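Peer 1: Input file: target.cif. Contents: mmCIF, C-alpha atoms; chains and numbers go by the auth columns.
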```cif
data_target
loop_
_atom_site.group_PDB
_atom_site.id
_atom_site.type_symbol
_atom_site.label_atom_id
_atom_site.label_comp_id
_atom_site.label_asym_id
_atom_site.label_seq_id
_atom_site.Cartn_x
_atom_site.Cartn_y
_atom_site.Cartn_z
_atom_site.B_iso_or_equiv
_atom_site.auth_seq_id
_atom_site.auth_asym_id
ATOM 1 C CA SER A 1 -23.893 29.865 124.818 0.00 1 S
ATOM 2 C CA GLN A 2 -23.409 26.185 125.642 0.00 2 S
ATOM 3 C CA GLN A 3 -19.874 25.005 126.369 0.00 3 S
ATOM 4 C CA GLY A 4 -20.604 21.722 124.622 0.00 4 S
ATOM 5 C CA GLU A 5 -22.626 21.247 121.475 0.00 5 S
ATOM 6 C CA GLU A 6 -23.351 17.889 119.941 0.00 6 S
ATOM 7 C CA ASP A 7 -24.065 17.027 116.375 0.00 7 S
ATOM 8 C CA PRO A 8 -26.052 15.671 114.834 0.00 8 S
ATOM 9 C CA GLN A 9 -29.037 16.707 116.941 0.00 9 S
ATOM 10 C CA ALA A 10 -30.763 13.474 115.929 0.00 10 S
ATOM 11 C CA LEU A 11 -29.624 10.268 114.270 0.00 11 S
ATOM 12 C CA SER A 12 -31.595 7.255 113.092 0.00 12 S
ATOM 13 C CA ILE A 13 -29.817 4.042 112.065 0.00 13 S
ATOM 14 C CA GLN A 14 -30.535 0.359 111.538 0.00 14 S
ATOM 15 C CA GLU A 15 -29.612 -2.170 114.187 0.00 15 S
ATOM 16 C CA GLY A 16 -26.086 -3.455 113.596 0.00 16 S
ATOM 17 C CA GLU A 17 -24.807 -0.219 112.098 0.00 17 S
ATOM 18 C CA ASN A 18 -22.320 2.071 113.825 0.00 18 S
ATOM 19 C CA ALA A 19 -23.401 5.384 115.307 0.00 19 S
ATOM 20 C CA THR A 20 -21.085 8.381 115.592 0.00 20 S
ATOM 21 C CA MET A 21 -21.828 11.497 117.597 0.00 21 S
ATOM 22 C CA ASN A 22 -19.642 14.555 117.874 0.00 22 S
ATOM 23 C CA CYS A 23 -19.161 17.124 120.605 0.00 23 S
ATOM 24 C CA SER A 24 -17.478 20.499 120.246 0.00 24 S
ATOM 25 C CA TYR A 25 -16.567 22.795 123.114 0.00 25 S
ATOM 26 C CA LYS A 26 -15.188 26.283 123.486 0.00 26 S
ATOM 27 C CA THR A 27 -12.681 26.498 126.346 0.00 27 S
ATOM 28 C CA SER A 28 -9.855 24.343 127.708 0.00 28 S
ATOM 29 C CA ILE A 29 -10.991 21.315 129.636 0.00 29 S
ATOM 30 C CA ASN A 30 -9.641 18.896 132.197 0.00 30 S
ATOM 31 C CA ASN A 31 -11.719 16.033 130.912 0.00 31 S
ATOM 32 C CA LEU A 32 -14.784 15.183 128.886 0.00 32 S
ATOM 33 C CA GLN A 33 -17.482 12.687 129.768 0.00 33 S
ATOM 34 C CA TRP A 34 -20.285 11.042 127.799 0.00 34 S
ATOM 35 C CA TYR A 35 -23.641 10.221 129.352 0.00 35 S
ATOM 36 C CA ARG A 36 -26.727 8.390 128.094 0.00 36 S
ATOM 37 C CA GLN A 37 -30.303 9.309 128.950 0.00 37 S
ATOM 38 C CA ASN A 38 -33.208 7.032 128.247 0.00 38 S
ATOM 39 C CA SER A 39 -36.500 8.803 127.657 0.00 39 S
ATOM 40 C CA GLY A 40 -37.742 10.547 130.773 0.00 40 S
ATOM 41 C CA ARG A 41 -35.017 9.127 133.017 0.00 41 S
ATOM 42 C CA GLY A 42 -31.837 10.307 134.688 0.00 42 S
ATOM 43 C CA LEU A 43 -28.456 10.260 132.996 0.00 43 S
ATOM 44 C CA VAL A 44 -26.061 7.338 133.150 0.00 44 S
ATOM 45 C CA HIS A 45 -22.315 7.870 132.920 0.00 45 S
ATOM 46 C CA LEU A 46 -20.682 6.013 130.007 0.00 46 S
ATOM 47 C CA ILE A 47 -17.058 7.025 129.787 0.00 47 S
ATOM 48 C CA LEU A 48 -14.583 9.731 130.830 0.00 48 S
ATOM 49 C CA ILE A 49 -11.564 10.797 128.786 0.00 49 S
ATOM 50 C CA ARG A 50 -8.918 13.087 130.245 0.00 50 S
ATOM 51 C CA SER A 51 -7.365 15.981 128.362 0.00 51 S
ATOM 52 C CA ASN A 52 -4.058 14.126 127.980 0.00 52 S
ATOM 53 C CA GLU A 53 -5.753 11.094 126.413 0.00 53 S
ATOM 54 C CA ARG A 54 -6.632 10.772 122.737 0.00 54 S
ATOM 55 C CA GLU A 55 -8.749 7.640 122.630 0.00 55 S
ATOM 56 C CA LYS A 56 -10.565 5.397 125.052 0.00 56 S
ATOM 57 C CA HIS A 57 -12.621 2.222 124.714 0.00 57 S
ATOM 58 C CA SER A 58 -15.312 0.648 126.827 0.00 58 S
ATOM 59 C CA GLY A 59 -17.098 -2.367 125.373 0.00 59 S
ATOM 60 C CA ARG A 60 -18.797 -1.220 122.150 0.00 60 S
ATOM 61 C CA LEU A 61 -17.973 2.423 122.896 0.00 61 S
ATOM 62 C CA ARG A 62 -15.015 4.282 121.476 0.00 62 S
ATOM 63 C CA VAL A 63 -14.333 7.892 122.438 0.00 63 S
ATOM 64 C CA THR A 64 -11.767 10.176 120.857 0.00 64 S
ATOM 65 C CA LEU A 65 -10.617 13.583 122.010 0.00 65 S
ATOM 66 C CA ASP A 66 -8.855 16.223 119.928 0.00 66 S
ATOM 67 C CA THR A 67 -7.951 19.110 122.203 0.00 67 S
ATOM 68 C CA SER A 68 -6.462 21.117 119.326 0.00 68 S
ATOM 69 C CA LYS A 69 -9.857 21.109 117.611 0.00 69 S
ATOM 70 C CA LYS A 70 -11.760 21.189 120.889 0.00 70 S
ATOM 71 C CA SER A 71 -13.856 18.238 119.840 0.00 71 S
ATOM 72 C CA SER A 72 -14.710 14.698 120.844 0.00 72 S
ATOM 73 C CA SER A 73 -16.549 11.868 119.176 0.00 73 S
ATOM 74 C CA LEU A 74 -18.469 8.907 120.549 0.00 74 S
ATOM 75 C CA LEU A 75 -18.697 5.808 118.370 0.00 75 S
ATOM 76 C CA ILE A 76 -21.122 3.023 119.219 0.00 76 S
ATOM 77 C CA THR A 77 -20.342 -0.072 117.197 0.00 77 S
ATOM 78 C CA ALA A 78 -22.837 -2.768 116.211 0.00 78 S
ATOM 79 C CA SER A 79 -25.752 -0.760 117.569 0.00 79 S
ATOM 80 C CA ARG A 80 -28.740 -2.393 119.250 0.00 80 S
ATOM 81 C CA ALA A 81 -32.306 -1.232 119.717 0.00 81 S
ATOM 82 C CA ALA A 82 -31.494 -0.823 123.425 0.00 82 S
ATOM 83 C CA ASP A 83 -28.968 1.891 122.496 0.00 83 S
ATOM 84 C CA THR A 84 -31.878 4.169 121.570 0.00 84 S
ATOM 85 C CA ALA A 85 -31.440 7.159 123.884 0.00 85 S
ATOM 86 C CA SER A 86 -30.111 10.697 124.041 0.00 86 S
ATOM 87 C CA TYR A 87 -26.355 11.074 124.432 0.00 87 S
ATOM 88 C CA PHE A 88 -24.751 14.067 126.126 0.00 88 S
ATOM 89 C CA CYS A 89 -21.161 15.175 126.374 0.00 89 S
ATOM 90 C CA ALA A 90 -20.085 16.955 129.538 0.00 90 S
ATOM 91 C CA THR A 91 -16.950 19.001 129.966 0.00 91 S
ATOM 92 C CA ALA A 92 -15.028 19.801 133.133 0.00 92 S
ATOM 93 C CA LEU A 93 -13.276 23.117 132.652 0.00 93 S
ATOM 94 C CA SER A 94 -9.624 23.792 133.388 0.00 94 S
ATOM 95 C CA GLY A 95 -8.712 26.087 136.230 0.00 95 S
ATOM 96 C CA GLY A 96 -9.612 24.050 139.236 0.00 96 S
ATOM 97 C CA TYR A 97 -13.306 24.844 139.380 0.00 97 S
ATOM 98 C CA GLN A 98 -15.118 21.565 139.735 0.00 98 S
ATOM 99 C CA LYS A 99 -18.063 22.234 137.496 0.00 99 S
ATOM 100 C CA VAL A 100 -19.304 20.026 134.712 0.00 100 S
ATOM 101 C CA THR A 101 -21.252 21.557 131.815 0.00 101 S
ATOM 102 C CA PHE A 102 -23.524 19.409 129.667 0.00 102 S
ATOM 103 C CA GLY A 103 -23.957 19.745 125.917 0.00 103 S
ATOM 104 C CA THR A 104 -27.146 19.914 123.916 0.00 104 S
ATOM 105 C CA GLY A 105 -27.419 16.159 123.292 0.00 105 S
ATOM 106 C CA THR A 106 -27.843 13.836 120.313 0.00 106 S
ATOM 107 C CA LYS A 107 -31.010 11.743 120.038 0.00 107 S
ATOM 108 C CA LEU A 108 -30.144 8.314 118.691 0.00 108 S
ATOM 109 C CA GLN A 109 -32.803 5.977 117.368 0.00 109 S
ATOM 110 C CA VAL A 110 -31.773 2.422 116.511 0.00 110 S
ATOM 111 C CA ILE A 111 -34.367 0.687 114.353 0.00 111 S
ATOM 112 C CA PRO A 112 -34.677 -3.073 114.863 0.00 112 S
ATOM 113 C CA GLU B 1 -27.436 1.218 139.365 0.00 113 C
ATOM 114 C CA ALA B 2 -26.723 4.439 141.281 0.00 114 C
ATOM 115 C CA ASP B 3 -27.947 4.755 144.871 0.00 115 C
ATOM 116 C CA ILE B 4 -29.616 8.099 144.416 0.00 116 C
ATOM 117 C CA TYR B 5 -33.343 8.538 144.814 0.00 117 C
ATOM 118 C CA GLN B 6 -35.863 11.190 143.947 0.00 118 C
ATOM 119 C CA THR B 7 -39.443 11.544 145.064 0.00 119 C
ATOM 120 C CA PRO B 8 -41.989 12.035 143.774 0.00 120 C
ATOM 121 C CA ARG B 9 -41.377 10.769 140.252 0.00 121 C
ATOM 122 C CA TYR B 10 -44.327 12.734 138.910 0.00 122 C
ATOM 123 C CA LEU B 11 -46.142 15.703 140.402 0.00 123 C
ATOM 124 C CA VAL B 12 -49.077 17.650 139.014 0.00 124 C
ATOM 125 C CA ILE B 13 -49.976 20.639 141.127 0.00 125 C
ATOM 126 C CA GLY B 14 -51.888 23.901 140.949 0.00 126 C
ATOM 127 C CA THR B 15 -50.411 27.388 140.718 0.00 127 C
ATOM 128 C CA GLY B 16 -49.368 28.955 144.006 0.00 128 C
ATOM 129 C CA LYS B 17 -48.709 25.735 145.894 0.00 129 C
ATOM 130 C CA LYS B 18 -45.515 25.173 147.831 0.00 130 C
ATOM 131 C CA ILE B 19 -43.657 22.024 146.785 0.00 131 C
ATOM 132 C CA THR B 20 -40.549 20.190 147.879 0.00 132 C
ATOM 133 C CA LEU B 21 -38.743 17.756 145.643 0.00 133 C
ATOM 134 C CA GLU B 22 -36.761 15.203 147.590 0.00 134 C
ATOM 135 C CA CYS B 23 -33.343 13.846 146.673 0.00 135 C
ATOM 136 C CA SER B 24 -31.257 11.454 148.724 0.00 136 C
ATOM 137 C CA GLN B 25 -28.129 9.405 148.090 0.00 137 C
ATOM 138 C CA THR B 26 -26.514 6.615 150.061 0.00 138 C
ATOM 139 C CA MET B 27 -23.050 6.816 148.495 0.00 139 C
ATOM 140 C CA GLY B 28 -21.656 9.330 150.987 0.00 140 C
ATOM 141 C CA HIS B 29 -20.932 11.831 148.215 0.00 141 C
ATOM 142 C CA ASP B 30 -20.093 15.363 149.286 0.00 142 C
ATOM 143 C CA LYS B 31 -21.205 17.086 146.095 0.00 143 C
ATOM 144 C CA MET B 32 -24.818 17.219 144.985 0.00 144 C
ATOM 145 C CA TYR B 33 -26.559 18.998 142.133 0.00 145 C
ATOM 146 C CA TRP B 34 -29.972 19.960 140.827 0.00 146 C
ATOM 147 C CA TYR B 35 -30.566 20.280 137.092 0.00 147 C
ATOM 148 C CA GLN B 36 -33.620 21.465 135.189 0.00 148 C
ATOM 149 C CA GLN B 37 -34.336 19.875 131.833 0.00 149 C
ATOM 150 C CA ASP B 38 -37.198 20.578 129.447 0.00 150 C
ATOM 151 C CA PRO B 39 -38.244 17.608 127.257 0.00 151 C
ATOM 152 C CA GLY B 40 -35.637 16.868 124.619 0.00 152 C
ATOM 153 C CA MET B 41 -33.445 19.745 125.688 0.00 153 C
ATOM 154 C CA GLU B 42 -30.127 20.217 127.453 0.00 154 C
ATOM 155 C CA LEU B 43 -29.572 20.162 131.209 0.00 155 C
ATOM 156 C CA HIS B 44 -29.267 23.415 133.093 0.00 156 C
ATOM 157 C CA LEU B 45 -27.553 23.493 136.485 0.00 157 C
ATOM 158 C CA ILE B 46 -29.741 25.395 138.959 0.00 158 C
ATOM 159 C CA HIS B 47 -28.176 24.540 142.346 0.00 159 C
ATOM 160 C CA TYR B 48 -25.198 22.673 143.739 0.00 160 C
ATOM 161 C CA SER B 49 -23.623 21.889 147.070 0.00 161 C
ATOM 162 C CA TYR B 50 -20.072 21.022 148.105 0.00 162 C
ATOM 163 C CA GLY B 51 -21.183 19.523 151.390 0.00 163 C
ATOM 164 C CA VAL B 52 -23.263 20.067 154.504 0.00 164 C
ATOM 165 C CA ASN B 53 -24.353 23.712 154.943 0.00 165 C
ATOM 166 C CA SER B 54 -22.952 24.613 151.507 0.00 166 C
ATOM 167 C CA THR B 55 -25.292 25.664 148.695 0.00 167 C
ATOM 168 C CA GLU B 56 -24.615 27.648 145.535 0.00 168 C
ATOM 169 C CA LYS B 57 -26.709 28.868 142.635 0.00 169 C
ATOM 170 C CA GLY B 58 -26.015 27.342 139.247 0.00 170 C
ATOM 171 C CA ASP B 59 -25.891 28.715 135.737 0.00 171 C
ATOM 172 C CA LEU B 60 -29.645 29.029 135.251 0.00 172 C
ATOM 173 C CA SER B 61 -31.499 31.430 137.485 0.00 173 C
ATOM 174 C CA SER B 62 -34.196 29.624 139.414 0.00 174 C
ATOM 175 C CA GLU B 63 -36.835 30.712 141.903 0.00 175 C
ATOM 176 C CA SER B 64 -36.301 27.479 143.794 0.00 176 C
ATOM 177 C CA THR B 65 -34.221 27.131 146.956 0.00 177 C
ATOM 178 C CA VAL B 66 -32.222 24.222 148.353 0.00 178 C
ATOM 179 C CA SER B 67 -30.827 23.139 151.684 0.00 179 C
ATOM 180 C CA ARG B 68 -28.111 20.702 152.743 0.00 180 C
ATOM 181 C CA ILE B 69 -28.466 19.851 156.396 0.00 181 C
ATOM 182 C CA ARG B 70 -27.359 16.232 155.980 0.00 182 C
ATOM 183 C CA THR B 71 -24.830 14.786 153.567 0.00 183 C
ATOM 184 C CA GLU B 72 -27.313 12.378 152.049 0.00 184 C
ATOM 185 C CA HIS B 73 -30.222 14.761 151.585 0.00 185 C
ATOM 186 C CA PHE B 74 -30.587 17.730 149.167 0.00 186 C
ATOM 187 C CA PRO B 75 -34.213 18.862 148.868 0.00 187 C
ATOM 188 C CA LEU B 76 -35.390 21.532 146.433 0.00 188 C
ATOM 189 C CA THR B 77 -38.298 23.821 147.351 0.00 189 C
ATOM 190 C CA LEU B 78 -40.555 26.057 145.298 0.00 190 C
ATOM 191 C CA GLU B 79 -42.471 28.426 147.597 0.00 191 C
ATOM 192 C CA SER B 80 -45.136 29.257 145.019 0.00 192 C
ATOM 193 C CA ALA B 81 -45.291 27.056 141.942 0.00 193 C
ATOM 194 C CA ARG B 82 -46.105 28.592 138.549 0.00 194 C
ATOM 195 C CA PRO B 83 -46.732 27.059 135.100 0.00 195 C
ATOM 196 C CA SER B 84 -43.279 28.297 134.025 0.00 196 C
ATOM 197 C CA HIS B 85 -41.790 25.860 136.577 0.00 197 C
ATOM 198 C CA THR B 86 -43.135 22.905 134.600 0.00 198 C
ATOM 199 C CA SER B 87 -40.106 20.815 133.724 0.00 199 C
ATOM 200 C CA GLN B 88 -38.090 17.753 134.691 0.00 200 C
ATOM 201 C CA TYR B 89 -35.817 18.159 137.702 0.00 201 C
ATOM 202 C CA LEU B 90 -32.785 15.889 137.961 0.00 202 C
ATOM 203 C CA CYS B 91 -30.698 15.413 141.072 0.00 203 C
ATOM 204 C CA ALA B 92 -27.114 14.135 140.929 0.00 204 C
ATOM 205 C CA SER B 93 -24.176 13.522 143.251 0.00 205 C
ATOM 206 C CA SER B 94 -20.431 13.017 142.884 0.00 206 C
ATOM 207 C CA ASP B 95 -17.295 12.548 144.924 0.00 207 C
ATOM 208 C CA GLN B 96 -15.550 15.736 145.987 0.00 208 C
ATOM 209 C CA GLY B 97 -11.882 16.231 145.379 0.00 209 C
ATOM 210 C CA ARG B 98 -11.466 15.116 141.793 0.00 210 C
ATOM 211 C CA LEU B 99 -11.855 17.539 138.901 0.00 211 C
ATOM 212 C CA GLY B 100 -14.738 16.668 136.645 0.00 212 C
ATOM 213 C CA ASP B 101 -15.674 13.558 138.588 0.00 213 C
ATOM 214 C CA THR B 102 -18.462 11.286 137.474 0.00 214 C
ATOM 215 C CA GLN B 103 -21.967 12.349 138.377 0.00 215 C
ATOM 216 C CA TYR B 104 -24.606 9.827 139.414 0.00 216 C
ATOM 217 C CA PHE B 105 -28.149 10.806 138.564 0.00 217 C
ATOM 218 C CA GLY B 106 -31.486 10.046 140.125 0.00 218 C
ATOM 219 C CA PRO B 107 -34.486 9.094 137.957 0.00 219 C
ATOM 220 C CA GLY B 108 -35.853 12.640 137.973 0.00 220 C
ATOM 221 C CA THR B 109 -39.080 14.338 139.019 0.00 221 C
ATOM 222 C CA ARG B 110 -41.409 15.452 136.260 0.00 222 C
ATOM 223 C CA LEU B 111 -43.270 18.518 137.538 0.00 223 C
ATOM 224 C CA THR B 112 -46.376 19.939 135.909 0.00 224 C
ATOM 225 C CA VAL B 113 -47.881 23.137 137.292 0.00 225 C
ATOM 226 C CA LEU B 114 -51.382 23.864 136.085 0.00 226 C
#
```
Starting from the file, lay out its structure as structure tokens.
Peer 2:
Amino acid sequence: SQQGEEDPQALSIQEGENATMNCSYKTSINNLQWYRQNSGRGLVHLILIRSNEREKHSGRLRVTLDTSKKSSSLLITASRAADTASYFCATALSGGYQKVTFGTGTKLQVIP
Amino acid sequence: EADIYQTPRYLVIGTGKKITLECSQTMGHDKMYWYQQDPGMELHLIHYSYGVNSTEKGDLSSESTVSRIRTEHFPLTLESARPSHTSQYLCASSDQGRLGDTQYFGPGTRLTVL
């Protein structure tokens, strides 16, 4: 089964509200990344958090990582219609093997 | 904006045809990847490469093949396309040498096999 699973699968909010997406994974990781994908396009890297970090910020994005619970969350504050996209978490496993596994994705719709 | 390109963007082709999806990057990255993604679904790694003359199969079994003769170029070939190959194919690249390094994606090729 997937290393990373996001929830919710889909989320619809009003512009200006905050959006929170969660990612759970199964095995120990070196780091976790979040990517955004606009409809029918490639993915764009948003933020990377290492296993020894607990929280990271980038603009309106806030990412947390709880390695004891094997979970991460992505918070987008003051959402905009342009944030409408699918969001994927991606985990890099421990053990030296440089492979990144993507989760199932959360579809975010921000209504103007 | 990432310097990674895919052509064609869209391809509609009949069953049995041979196709090659092109992917090139100008960032000098050693590692390159091919993912398959059905609409609204997760990405599945089908091929990756650590560098020139290196190719490996990914997590999802695929009838496609790849080659890596030049650092910047990582084409994917289907010898005989079938309707089950209909999907979006995403190419990506990253720097080698750092665990879990950031991947840069191309815009994708949407393939439809009739």
Peer 1: Written as number ranges by chain, what is the full residue list that the PyMOL selection byres ((chain C) within 8 of (chain S)) yields on the file shown?
Peer 2: C: 151, 153-156, 202, 210-212, 214-220
Peer 1: Given the file above and the PyMOL selection byres ((chain S and resi 108) around 6), which residues are selected, and can you give them as a list in words?
Peer 2: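 The output of the PyMOL selection byres ((chain S and resi 108) around 6) on this file is Ala10, Leu11, Ser12, Thr84, Ala85, Ser86, Lys107 and Gln109 of chain S.
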Peer 1: Counting only C-alpha atoms, figure out which residue out of C:Ser205, C:Gln200, C:Gln148, C:Ser166 gets nearest to Arg121 (chain C).
Peer 2: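 Between C:Ser205, C:Gln200, C:Gln148, C:Ser166, the residue approaching Arg121 (chain C) most closely is C:Gln200.
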Peer 1: With only C-alpha atoms as the counted atoms, please give the residues lying no more than 9 Å from Gly170 (chain C), apart from itself and same-chain residues fewer than 5 positions off, as a VMD selection string.
Peer 2: chain C and resid 145 to 147 156 to 160
Peer 1: In Å, rounded to a single decimal, give me how far CA of Pro112 (chain S) is from CA of Asn22 (chain S).
Peer 2: 23.4 Å
Peer 1: Kindly give the distance, in Å, that separates CA of Ser161 (chain C) and CA of Thr183 (chain C), rounded to a single decimal.
Peer 2: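 Interatomic distance here is 9.7 Å.
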Peer 1: Find the residue from C:Arg222, C:His197, C:Arg182, C:Lys169 that sits nearest to Asp142 (chain C); use all atoms listed in the file when measuring.
Peer 2: C:Arg182
Peer 1: State, in Å with one decimal place, the distance from CA of Thr189 (chain C) to CA of Thr132 (chain C).
Peer 2: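 One can read the CA of Thr189 (chain C) to CA of Thr132 (chain C) distance as 4.3 Å.
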Peer 1: Would you mind listing what lies within 10 Å of region 75-78 of chain S as a CSV table (one decimal) with C-alpha atoms, in the coordinates of the input, with only C-alpha atoms counted and same-chain residues fewer than 3 positions away left out?
Peer 2:
```
chain,number,residue,atom,x,y,z
S,14,GLN,CA,-30.5,0.4,111.5
S,15,GLU,CA,-29.6,-2.2,114.2
S,16,GLY,CA,-26.1,-3.5,113.6
S,17,GLU,CA,-24.8,-0.2,112.1
S,18,ASN,CA,-22.3,2.1,113.8
S,19,ALA,CA,-23.4,5.4,115.3
S,20,THR,CA,-21.1,8.4,115.6
S,21,MET,CA,-21.8,11.5,117.6
S,22,ASN,CA,-19.6,14.6,117.9
S,57,HIS,CA,-12.6,2.2,124.7
S,58,SER,CA,-15.3,0.6,126.8
S,59,GLY,CA,-17.1,-2.4,125.4
S,60,ARG,CA,-18.8,-1.2,122.2
S,61,LEU,CA,-18.0,2.4,122.9
S,62,ARG,CA,-15.0,4.3,121.5
S,63,VAL,CA,-14.3,7.9,122.4
S,64,THR,CA,-11.8,10.2,120.9
S,83,ASP,CA,-29.0,1.9,122.5
```
Peer 1: For this structure, which residues satisfy the selection - the PyMOL selection byres ((chain C and resi 196) around 10) - when it is evaluated on the file as given? I want them as a list of chain:residue names.
Peer 2: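 Evaluating the PyMOL selection byres ((chain C and resi 196) around 10) on these coordinates yields C:Thr127, C:Ala193, C:Arg194, C:Pro195, C:His197, C:Thr198, C:Ser199, C:Thr224, C:Val225, C:Leu226.
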